[in-house]
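Structure data (CSV, C-alpha atoms and all ligand atoms) from target.csv:
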chain,number,residue,atom,x,y,z
A,649,MET,CA,-7.4,-14.3,-0.6
A,650,ASN,CA,-3.7,-15.4,-0.5
A,651,GLY,CA,-0.9,-13.0,0.4
A,652,LEU,CA,-0.5,-9.5,-1.1
A,653,THR,CA,2.3,-10.5,-3.5
A,654,VAL,CA,0.4,-13.5,-4.7
A,655,ASN,CA,-2.6,-11.2,-5.4
A,656,LEU,CA,-0.4,-8.8,-7.3
A,657,HIS,CA,0.7,-11.7,-9.5
A,658,LEU,CA,-2.8,-12.9,-10.0
A,659,LEU,CA,-4.0,-9.5,-10.9
A,660,MET,CA,-1.1,-8.9,-13.2
A,661,THR,CA,-2.0,-12.1,-15.1
A,662,THR,CA,-5.2,-10.2,-16.0
A,663,PHE,CA,-4.0,-6.6,-16.2
A,664,TYR,CA,-0.5,-6.9,-17.5
A,665,ARG,CA,-0.9,-8.2,-21.0
A,666,PRO,CA,2.2,-6.9,-22.8
A,667,THR,CA,2.3,-6.6,-26.6
A,668,GLN,CA,5.2,-6.1,-28.9
A,669,GLU,CA,4.7,-2.3,-28.7
A,670,ARG,CA,3.3,-1.9,-25.2
A,671,PHE,CA,5.2,-3.8,-22.6
A,672,LYS,CA,6.6,-1.4,-20.0
A,673,VAL,CA,5.7,-1.2,-16.4
A,674,LEU,CA,6.1,2.0,-14.4
A,675,ILE,CA,7.0,1.7,-10.7
A,676,GLU,CA,8.8,3.9,-8.3
A,677,GLU,CA,12.5,3.5,-7.7
A,678,HIS,CA,12.1,2.6,-4.0
A,679,ALA,CA,9.1,0.3,-4.4
A,680,PHE,CA,8.6,-2.3,-1.7
A,681,PRO,CA,11.1,-5.0,-2.8
A,682,SER,CA,8.4,-7.7,-3.1
A,683,ASP,CA,6.5,-5.5,-5.6
A,684,HIS,CA,9.7,-4.9,-7.5
A,685,PHE,CA,10.4,-8.6,-7.6
A,686,ALA,CA,6.8,-9.4,-8.7
A,687,VAL,CA,6.9,-6.9,-11.5
A,688,ALA,CA,10.4,-7.9,-12.7
A,689,SER,CA,9.4,-11.6,-12.7
A,690,GLN,CA,6.2,-10.8,-14.6
A,691,VAL,CA,8.2,-9.0,-17.2
A,692,ARG,CA,10.6,-11.9,-17.5
A,693,HIS,CA,7.6,-14.3,-17.7
A,694,HIS,CA,6.6,-12.4,-20.8
A,695,ASP,CA,10.2,-12.8,-22.3
A,696,ARG,CA,11.3,-9.3,-21.6
A,697,SER,CA,14.2,-8.1,-19.5
A,698,ALA,CA,13.7,-5.8,-16.5
A,699,GLU,CA,16.2,-3.4,-18.1
A,700,GLU,CA,14.0,-2.8,-21.2
A,701,ALA,CA,10.6,-3.0,-19.5
A,702,LEU,CA,10.8,-1.4,-16.1
A,703,VAL,CA,10.5,2.4,-15.8
A,704,ALA,CA,11.4,3.4,-12.2
A,705,VAL,CA,10.7,7.0,-11.1
A,706,SER,CA,12.8,8.4,-8.2
A,707,PRO,CA,12.5,11.3,-5.9
A,708,ARG,CA,14.5,14.3,-7.1
A,709,PRO,CA,18.2,14.4,-6.0
A,710,GLY,CA,18.5,15.1,-2.3
A,711,GLU,CA,14.8,14.6,-1.7
A,712,ASP,CA,12.8,11.8,-0.1
A,713,LEU,CA,9.4,12.3,-1.5
A,714,LEU,CA,8.0,11.6,-5.0
A,715,HIS,CA,6.6,14.5,-7.1
A,716,ALA,CA,3.3,13.5,-8.6
A,717,GLU,CA,4.2,15.6,-11.6
A,718,ASP,CA,7.3,13.6,-12.2
A,719,LEU,CA,5.3,10.4,-12.2
A,720,ILE,CA,2.8,11.9,-14.6
A,721,ALA,CA,5.6,13.2,-16.9
A,722,ALA,CA,7.2,9.7,-17.0
A,723,ILE,CA,3.8,8.1,-17.8
A,724,ALA,CA,3.4,10.5,-20.7
A,725,GLU,CA,7.0,10.1,-21.8
A,726,HIS,CA,6.7,6.3,-22.1
A,727,GLY,CA,3.0,6.5,-23.0
A,728,ASP,CA,2.9,4.4,-26.2
A,729,GLN,CA,5.0,1.7,-24.7
A,730,LEU,CA,3.4,1.6,-21.2
A,731,ALA,CA,1.3,-1.4,-20.4
A,732,LEU,CA,1.0,-1.0,-16.6
A,733,VAL,CA,1.5,1.5,-13.8
A,734,LEU,CA,1.9,0.0,-10.4
A,735,LEU,CA,2.3,2.3,-7.4
A,736,PRO,CA,1.8,2.4,-3.6
A,737,GLY,CA,-1.2,4.1,-2.1
A,738,VAL,CA,0.8,5.1,1.0
A,739,HIS,CA,4.6,4.7,0.6
A,740,TYR,CA,5.9,2.2,3.1
A,741,TYR,CA,9.1,4.2,3.8
A,742,THR,CA,8.0,7.8,3.8
A,743,GLY,CA,4.3,7.6,4.5
A,744,GLN,CA,3.6,9.7,1.4
A,745,VAL,CA,0.1,9.3,-0.1
A,746,LEU,CA,0.1,9.5,-3.9
A,747,PRO,CA,-2.9,11.2,-5.7
A,748,LEU,CA,-4.7,8.1,-7.0
A,749,THR,CA,-7.2,9.9,-9.3
A,750,ASP,CA,-4.5,12.1,-11.0
A,751,LEU,CA,-2.3,9.1,-11.6
A,752,VAL,CA,-5.1,6.9,-12.9
A,753,TYR,CA,-6.2,9.7,-15.2
A,754,ALA,CA,-2.6,10.0,-16.6
A,755,ALA,CA,-2.2,6.2,-17.0
A,756,HIS,CA,-5.5,5.8,-18.7
A,757,ARG,CA,-4.8,8.7,-21.0
A,758,ALA,CA,-1.5,6.9,-22.0
A,759,GLY,CA,-3.5,3.7,-22.6
A,760,ALA,CA,-2.0,1.8,-19.6
A,761,MET,CA,-3.7,-0.2,-16.9
A,762,VAL,CA,-3.1,1.0,-13.3
A,763,GLY,CA,-2.9,-0.9,-10.0
A,764,PHE,CA,-2.1,0.1,-6.4
A,765,ASP,CA,-0.4,-1.7,-3.5
A,766,LEU,CA,-2.5,-0.5,-0.6
A,767,ALA,CA,-0.6,-2.4,2.2
A,768,HIS,CA,-0.1,0.8,4.2
A,769,ALA,CA,-3.3,2.5,3.0
A,770,VAL,CA,-6.1,0.1,3.9
A,771,GLY,CA,-7.5,1.0,7.3
A,772,ASN,CA,-5.3,4.1,7.4
A,773,ILE,CA,-6.8,6.5,4.9
A,774,PRO,CA,-10.2,6.6,3.3
A,775,LEU,CA,-10.1,5.1,-0.2
A,776,GLY,CA,-12.6,5.6,-3.0
A,777,LEU,CA,-11.3,3.0,-5.3
A,778,HIS,CA,-14.1,2.9,-7.8
A,779,ASP,CA,-14.3,6.7,-7.8
A,780,SER,CA,-10.5,6.9,-8.5
A,781,GLY,CA,-10.9,4.7,-11.5
A,782,VAL,CA,-8.0,2.4,-10.5
A,783,ASP,CA,-8.1,-0.9,-12.4
A,784,PHE,CA,-7.0,-3.1,-9.6
A,785,ALA,CA,-5.5,-3.1,-6.1
A,786,ALA,CA,-4.2,-5.5,-3.5
A,787,TRP,CA,-3.4,-5.2,0.2
A,788,CYS,CA,-2.5,-7.2,3.3
A,789,THR,CA,-4.5,-7.3,6.5
A,790,TYR,CA,-1.7,-7.5,9.0
A,791,LYS,CA,-1.0,-3.8,9.4
A,792,TYR,CA,-3.9,-1.4,10.0
A,793,LEU,CA,-6.4,-4.3,9.7
A,794,ASN,CA,-4.9,-5.9,12.8
A,795,SER,CA,-5.0,-9.5,11.6
A,796,GLY,CA,-1.6,-10.9,12.4
A,797,PRO,CA,1.5,-11.5,10.2
A,798,GLY,CA,0.7,-13.4,7.0
A,799,ALA,CA,-3.1,-13.1,7.5
A,800,THR,CA,-5.2,-13.5,4.3
A,801,ALA,CA,-4.8,-10.5,2.0
A,802,GLY,CA,-7.4,-8.6,0.0
A,803,CYS,CA,-7.8,-7.4,-3.6
A,804,PHE,CA,-9.9,-5.1,-5.7
A,805,VAL,CA,-11.0,-5.2,-9.3
A,806,ASN,CA,-12.9,-2.2,-10.7
A,807,GLN,CA,-16.5,-2.9,-11.4
A,808,ARG,CA,-16.1,-1.9,-15.1
A,809,HIS,CA,-13.9,-5.1,-15.5
A,810,LEU,CA,-16.4,-7.4,-13.9
A,811,GLY,CA,-18.3,-9.7,-16.1
A,812,ARG,CA,-15.9,-9.1,-19.1
A,813,THR,CA,-15.3,-12.2,-21.1
A,814,ASP,CA,-12.2,-11.0,-22.8
A,815,LEU,CA,-10.0,-10.9,-19.7
A,816,ASN,CA,-7.4,-13.5,-19.0
A,817,ARG,CA,-7.4,-14.8,-15.5
A,818,PHE,CA,-6.0,-17.7,-13.5
A,819,GLU,CA,-9.0,-19.6,-12.3
A,820,GLY,CA,-9.9,-22.2,-9.6
A,821,TRP,CA,-13.1,-23.6,-8.2
A,822,TRP,CA,-13.5,-20.8,-5.6
A,823,GLY,CA,-14.1,-18.3,-8.4
A,824,THR,CA,-17.0,-20.1,-10.0
A,825,ASP,CA,-20.7,-19.4,-9.2
A,826,LYS,CA,-21.5,-20.5,-5.6
A,827,ALA,CA,-24.9,-21.9,-6.6
A,828,THR,CA,-23.3,-24.5,-9.0
A,829,ARG,CA,-19.8,-24.9,-7.5
A,830,PHE,CA,-20.7,-28.2,-5.7
A,831,GLN,CA,-22.3,-29.7,-8.8
A,832,MET,CA,-18.7,-30.4,-9.7
A,833,GLU,CA,-19.1,-29.4,-13.3
A,834,THR,CA,-16.3,-28.2,-15.4
A,835,VAL,CA,-17.9,-25.1,-16.7
A,836,PHE,CA,-16.5,-21.9,-15.1
A,837,ASN,CA,-19.2,-19.4,-14.3
A,838,PRO,CA,-17.3,-16.4,-12.8
A,839,ILE,CA,-18.8,-14.9,-9.7
A,840,PRO,CA,-19.7,-11.4,-10.9
A,841,THR,CA,-17.4,-9.7,-8.4
A,842,VAL,CA,-13.7,-9.8,-7.6
A,843,GLU,CA,-14.4,-13.2,-6.1
A,844,ALA,CA,-14.0,-14.6,-9.6
A,845,TRP,CA,-10.2,-14.2,-9.0
A,846,GLN,CA,-10.3,-16.6,-6.0
A,847,LEU,CA,-8.7,-19.9,-6.6
A,848,SER,CA,-9.0,-21.9,-3.4
A,849,ASN,CA,-10.9,-22.4,-0.2
A,850,PRO,CA,-10.1,-19.5,2.1
A,851,PRO,CA,-8.1,-20.4,5.3
A,852,VAL,CA,-10.8,-20.2,7.9
A,853,PHE,CA,-8.5,-19.7,10.9
A,854,SER,CA,-6.8,-16.8,9.2
A,855,MET,CA,-10.1,-15.2,8.3
A,856,ALA,CA,-11.4,-15.2,11.9
A,857,PRO,CA,-9.2,-12.3,13.1
A,858,ILE,CA,-9.9,-10.3,10.0
A,859,ARG,CA,-13.6,-10.7,10.6
A,860,ALA,CA,-13.2,-9.7,14.2
A,861,SER,CA,-11.1,-6.7,13.2
A,862,LEU,CA,-13.5,-5.5,10.5
A,863,GLU,CA,-16.4,-5.8,13.0
A,864,VAL,CA,-14.5,-3.4,15.2
A,865,PHE,CA,-14.0,-1.0,12.3
A,866,GLU,CA,-17.8,-1.2,11.6
A,867,ARG,CA,-18.7,-0.6,15.3
A,868,VAL,CA,-16.7,2.6,15.4
A,869,GLY,CA,-18.4,3.9,12.2
A,870,GLY,CA,-15.8,3.0,9.6
A,871,MET,CA,-13.0,5.2,8.2
A,872,GLY,CA,-14.9,8.5,8.4
A,873,PRO,CA,-14.7,8.9,12.2
A,874,LEU,CA,-11.4,7.2,12.4
A,875,ARG,CA,-9.8,9.6,9.9
A,876,ARG,CA,-11.3,12.6,11.8
A,877,LYS,CA,-9.6,11.4,15.0
A,878,SER,CA,-6.5,10.6,13.0
A,879,GLU,CA,-6.2,14.0,11.5
A,880,GLN,CA,-6.3,15.5,15.0
A,881,GLN,CA,-3.7,13.0,16.2
A,882,ILE,CA,-1.4,13.8,13.3
A,883,ALA,CA,-1.7,17.5,14.0
A,884,TYR,CA,-1.0,16.9,17.7
A,885,LEU,CA,2.1,14.9,17.0
A,886,ASP,CA,3.4,17.4,14.4
A,887,HIS,CA,2.9,20.1,16.9
A,888,LEU,CA,4.8,18.2,19.6
A,889,LEU,CA,7.6,17.4,17.2
A,890,ASP,CA,8.0,21.1,16.4
A,891,GLU,CA,7.6,22.2,20.0
A,892,VAL,CA,9.8,19.6,21.8
A,893,LEU,CA,12.1,17.9,19.3
A,894,LYS,CA,12.9,20.6,16.6
A,895,GLY,CA,16.5,20.2,15.4
A,896,ARG,CA,16.8,16.8,16.9
A,897,VAL,CA,14.2,14.7,15.0
A,898,GLU,CA,12.6,15.5,11.7
A,899,SER,CA,9.6,13.8,9.9
A,900,ILE,CA,10.1,13.1,6.2
A,901,THR,CA,6.4,12.4,5.8
A,902,PRO,CA,4.5,15.1,4.0
A,903,ARG,CA,2.9,17.5,6.4
A,904,SER,CA,-0.2,18.1,4.3
A,905,LEU,CA,-3.2,16.0,5.4
A,906,THR,CA,-4.0,15.2,1.8
A,907,GLU,CA,-0.7,13.6,1.3
A,908,ARG,CA,-0.5,11.4,4.4
A,909,GLY,CA,-2.0,8.9,6.7
A,910,CYS,CA,-1.1,8.3,10.3
A,911,GLN,CA,2.5,7.1,9.6
A,912,PHE,CA,5.4,9.3,10.6
A,913,SER,CA,8.8,8.5,9.2
A,914,LEU,CA,11.2,10.0,11.6
A,915,ARG,CA,14.9,10.7,11.1
A,916,VAL,CA,17.1,11.5,14.0
A,917,VAL,CA,19.3,14.5,13.3
A,918,ALA,CA,20.5,15.2,16.9
A,919,PRO,CA,24.3,15.3,16.9
A,920,GLY,CA,25.9,12.4,18.6
A,921,HIS,CA,22.9,10.1,18.2
A,922,SER,CA,22.3,7.3,15.6
A,923,GLY,CA,18.8,6.6,14.4
A,924,ARG,CA,19.3,2.9,15.1
A,925,GLY,CA,20.5,3.6,18.7
A,926,VAL,CA,17.4,5.8,19.3
A,927,PHE,CA,15.1,3.1,17.9
A,928,ASP,CA,16.6,0.5,20.2
A,929,ALA,CA,16.1,2.8,23.2
A,930,LEU,CA,12.5,3.4,22.2
A,931,ASP,CA,12.0,-0.3,21.8
A,932,ALA,CA,13.5,-0.9,25.2
A,933,ALA,CA,11.2,1.8,26.7
A,934,GLY,CA,8.2,-0.2,25.4
A,935,VAL,CA,7.3,2.0,22.4
A,936,ALA,CA,6.1,-0.3,19.6
A,937,CYS,CA,7.7,1.3,16.5
A,938,ASP,CA,9.6,0.1,13.6
A,939,TRP,CA,13.1,0.5,12.1
A,940,ARG,CA,13.4,0.8,8.3
A,941,HIS,CA,16.9,0.6,6.8
A,942,PRO,CA,18.8,2.9,6.3
A,943,ASP,CA,17.7,5.6,8.6
A,944,VAL,CA,14.0,5.8,9.4
A,945,ILE,CA,12.0,5.1,12.5
A,946,ARG,CA,8.4,4.5,11.6
A,947,ILE,CA,5.7,5.3,14.1
A,948,ALA,CA,2.0,5.3,13.7
A,949,PRO,CA,-0.5,6.7,16.1
A,950,VAL,CA,-3.4,4.5,15.1
A,951,PRO,CA,-6.8,6.2,15.9
A,952,LEU,CA,-8.5,2.9,16.5
A,953,TYR,CA,-6.4,2.2,19.6
A,954,ASN,CA,-3.9,4.9,20.3
A,955,SER,CA,-4.8,7.9,22.5
A,956,PHE,CA,-3.6,11.4,22.5
A,957,ALA,CA,-1.9,10.6,25.8
A,958,ASP,CA,0.1,7.8,24.0
A,959,ILE,CA,1.3,10.4,21.6
A,960,HIS,CA,2.3,12.8,24.4
A,961,ARG,CA,4.1,9.9,26.2
A,962,PHE,CA,5.9,8.9,23.1
A,963,VAL,CA,7.3,12.4,22.7
A,964,GLN,CA,8.4,12.5,26.3
A,965,VAL,CA,10.2,9.2,26.0
A,966,LEU,CA,11.9,10.3,22.8
A,967,ASP,CA,12.9,13.6,24.4
A,968,GLY,CA,14.3,11.7,27.4
A,969,ILE,CA,16.4,9.4,25.1
A,970,LEU,CA,17.8,12.4,23.2
A,971,SER,CA,18.6,14.3,26.3
B,1001,LIG,C1,4.1,-2.2,0.8
B,1001,LIG,C2,4.1,-3.7,0.9
B,1001,LIG,N1,4.0,-4.4,-0.2
B,1001,LIG,C3,4.1,-5.8,-0.2
B,1001,LIG,C4,4.3,-6.4,1.0
B,1001,LIG,C5,4.4,-7.9,0.9
B,1001,LIG,O1,3.3,-8.5,1.5
B,1001,LIG,P1,3.1,-10.1,1.5
B,1001,LIG,O2,4.2,-10.7,2.3
B,1001,LIG,O3,1.7,-10.4,2.1
B,1001,LIG,O4,3.1,-10.6,0.1
B,1001,LIG,C6,4.4,-5.7,2.2
B,1001,LIG,C7,4.7,-6.4,3.4
B,1001,LIG,O5,5.0,-5.8,4.4
B,1001,LIG,C8,4.4,-4.3,2.1
B,1001,LIG,O6,4.5,-3.6,3.2

Could you quickly redo this structure as structure tokens?
Amino acid sequence: MNGLTVNLHLLMTTFYRPTQERFKVLIEEHAFPSDHFAVASQVRHHDRSAEEALVAVSPRPGEDLLHAEDLIAAIAEHGDQLALVLLPGVHYYTGQVLPLTDLVYAAHRAGAMVGFDLAHAVGNIPLGLHDSGVDFAAWCTYKYLNSGPGATAGCFVNQRHLGRTDLNRFEGWWGTDKATRFQMETVFNPIPTVEAWQLSNPPVFSMAPIRASLEVFERVGGMGPLRRKSEQQIAYLDHLLDEVLKGRVESITPRSLTERGCQFSLRVVAPGHSGRGVFDALDAAGVACDWRHPDVIRIAPVPLYNSFADIHRFVQVLDGILS
């Protein structure tokens, strides 16, 4: 339903219920700007300032990646005042995967709710959302779910919150029981799933590519087989980067497979080359990749449609540009 940011707002109306004592939101310093804006405006909506209510955790000085233990320490430090922890599943800039279960455990121990932005995680890494205990999550469908910019987004509410009558929620007729919806009564009977959070008719034209894409995911056996191929592709590209481009290009994405999906965030370190110049040359050579300010080229060998030969060719093209 909606877009990712809209869904974050709707889910925060339910899961961010600040009190006088417990009102802080923990995010990471380099959160995707829309998430930062959403959280800051929620805080203001509850008559608090971002300065007093936002706790932003950064990578350590000189480092790119977050340390899970730093996040957990900050959660504990602000424990009594913490209402919500909102973090990415896969970081959009670095490609780092955060340990959902450990963070959920820490947040719940502190008495806070916890939500995840899964824009770069859905369709990229296997996710066990119920098992991880996360309270809510939202994602878009226009990255690894192939559905086109602005396509209808998704959201998740943990089963343990379904059917609760003490939750606040913004409601509309698309969240009420399908059997009685068209009786046009004004009693809201929440659908006993995350659908209770739906407000409106879904945009059918936007849902069509999502359906087609999800059918393809199903046809190939879902995330299990895709991830198995992905792990081999990640290892292959890491190997080629070491073999062919060492000292000229480095990946800031964690190397360990437990901390990453198929995204590589590459930094050009070859003397005499600018990252932006190399990106433009890749683009001109027909490589579909992405520039993230200030200095990262994001590439993603996607197991659904990229081959090992694509990866080899990418490295050859990049080597050619840097030579
Ligand atoms: C990590 C992340 N969060 C939020 C958004 C915003 O998505 P939307 O425009 O659907 O609200 C994006 C979009 O690229 C994103 O990558």

Top pick for closest residue to Phe663 in chain A, considering A:Lys894, A:His809, A:Arg924, A:His678 and counting all atoms listed in the file
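Closest to Phe663 in chain A of all the choices is A:His809.
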
Near range 669-672 of chain A, within 7 Å and counting all atoms listed in the file, which residues show up once chain neighbours fewer than 6 positions away are dropped, as number ranges by chain?
A: 701-703, 728-732

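Atom pair CA of Met761 in chain A / CA of Ile723 in chain A: separated by 11.2 Å.
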
Sel. within 8 Å of pt (20.3, 4.8, 9.7), counting all atoms listed in the file, output as a list in words
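Counting all atoms listed in the file, I find these residues within 8 Å of (20.3, 4.8, 9.7): Ser922, Gly923, Arg924, His941, Pro942, Asp943 and Val944 of chain A.
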
If you measure from CA of Ala724 in chain A to CA of Val687 in chain A, what distance in Å do you get, rounded to one decimal?
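Answer for the CA of Ala724 in chain A to CA of Val687 in chain A separation: 20.0 Å.
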
What separation in Å, quoted to one decimal, exists between CA of Val926 in chain A and CA of Ile900 in chain A?
16.7 Å

A:Leu735, A:Ile773, A:Ala801, A:Leu746: which is nearest ligand LIG 1001 (chain B), counting all atoms listed in the file?
A:Ala801
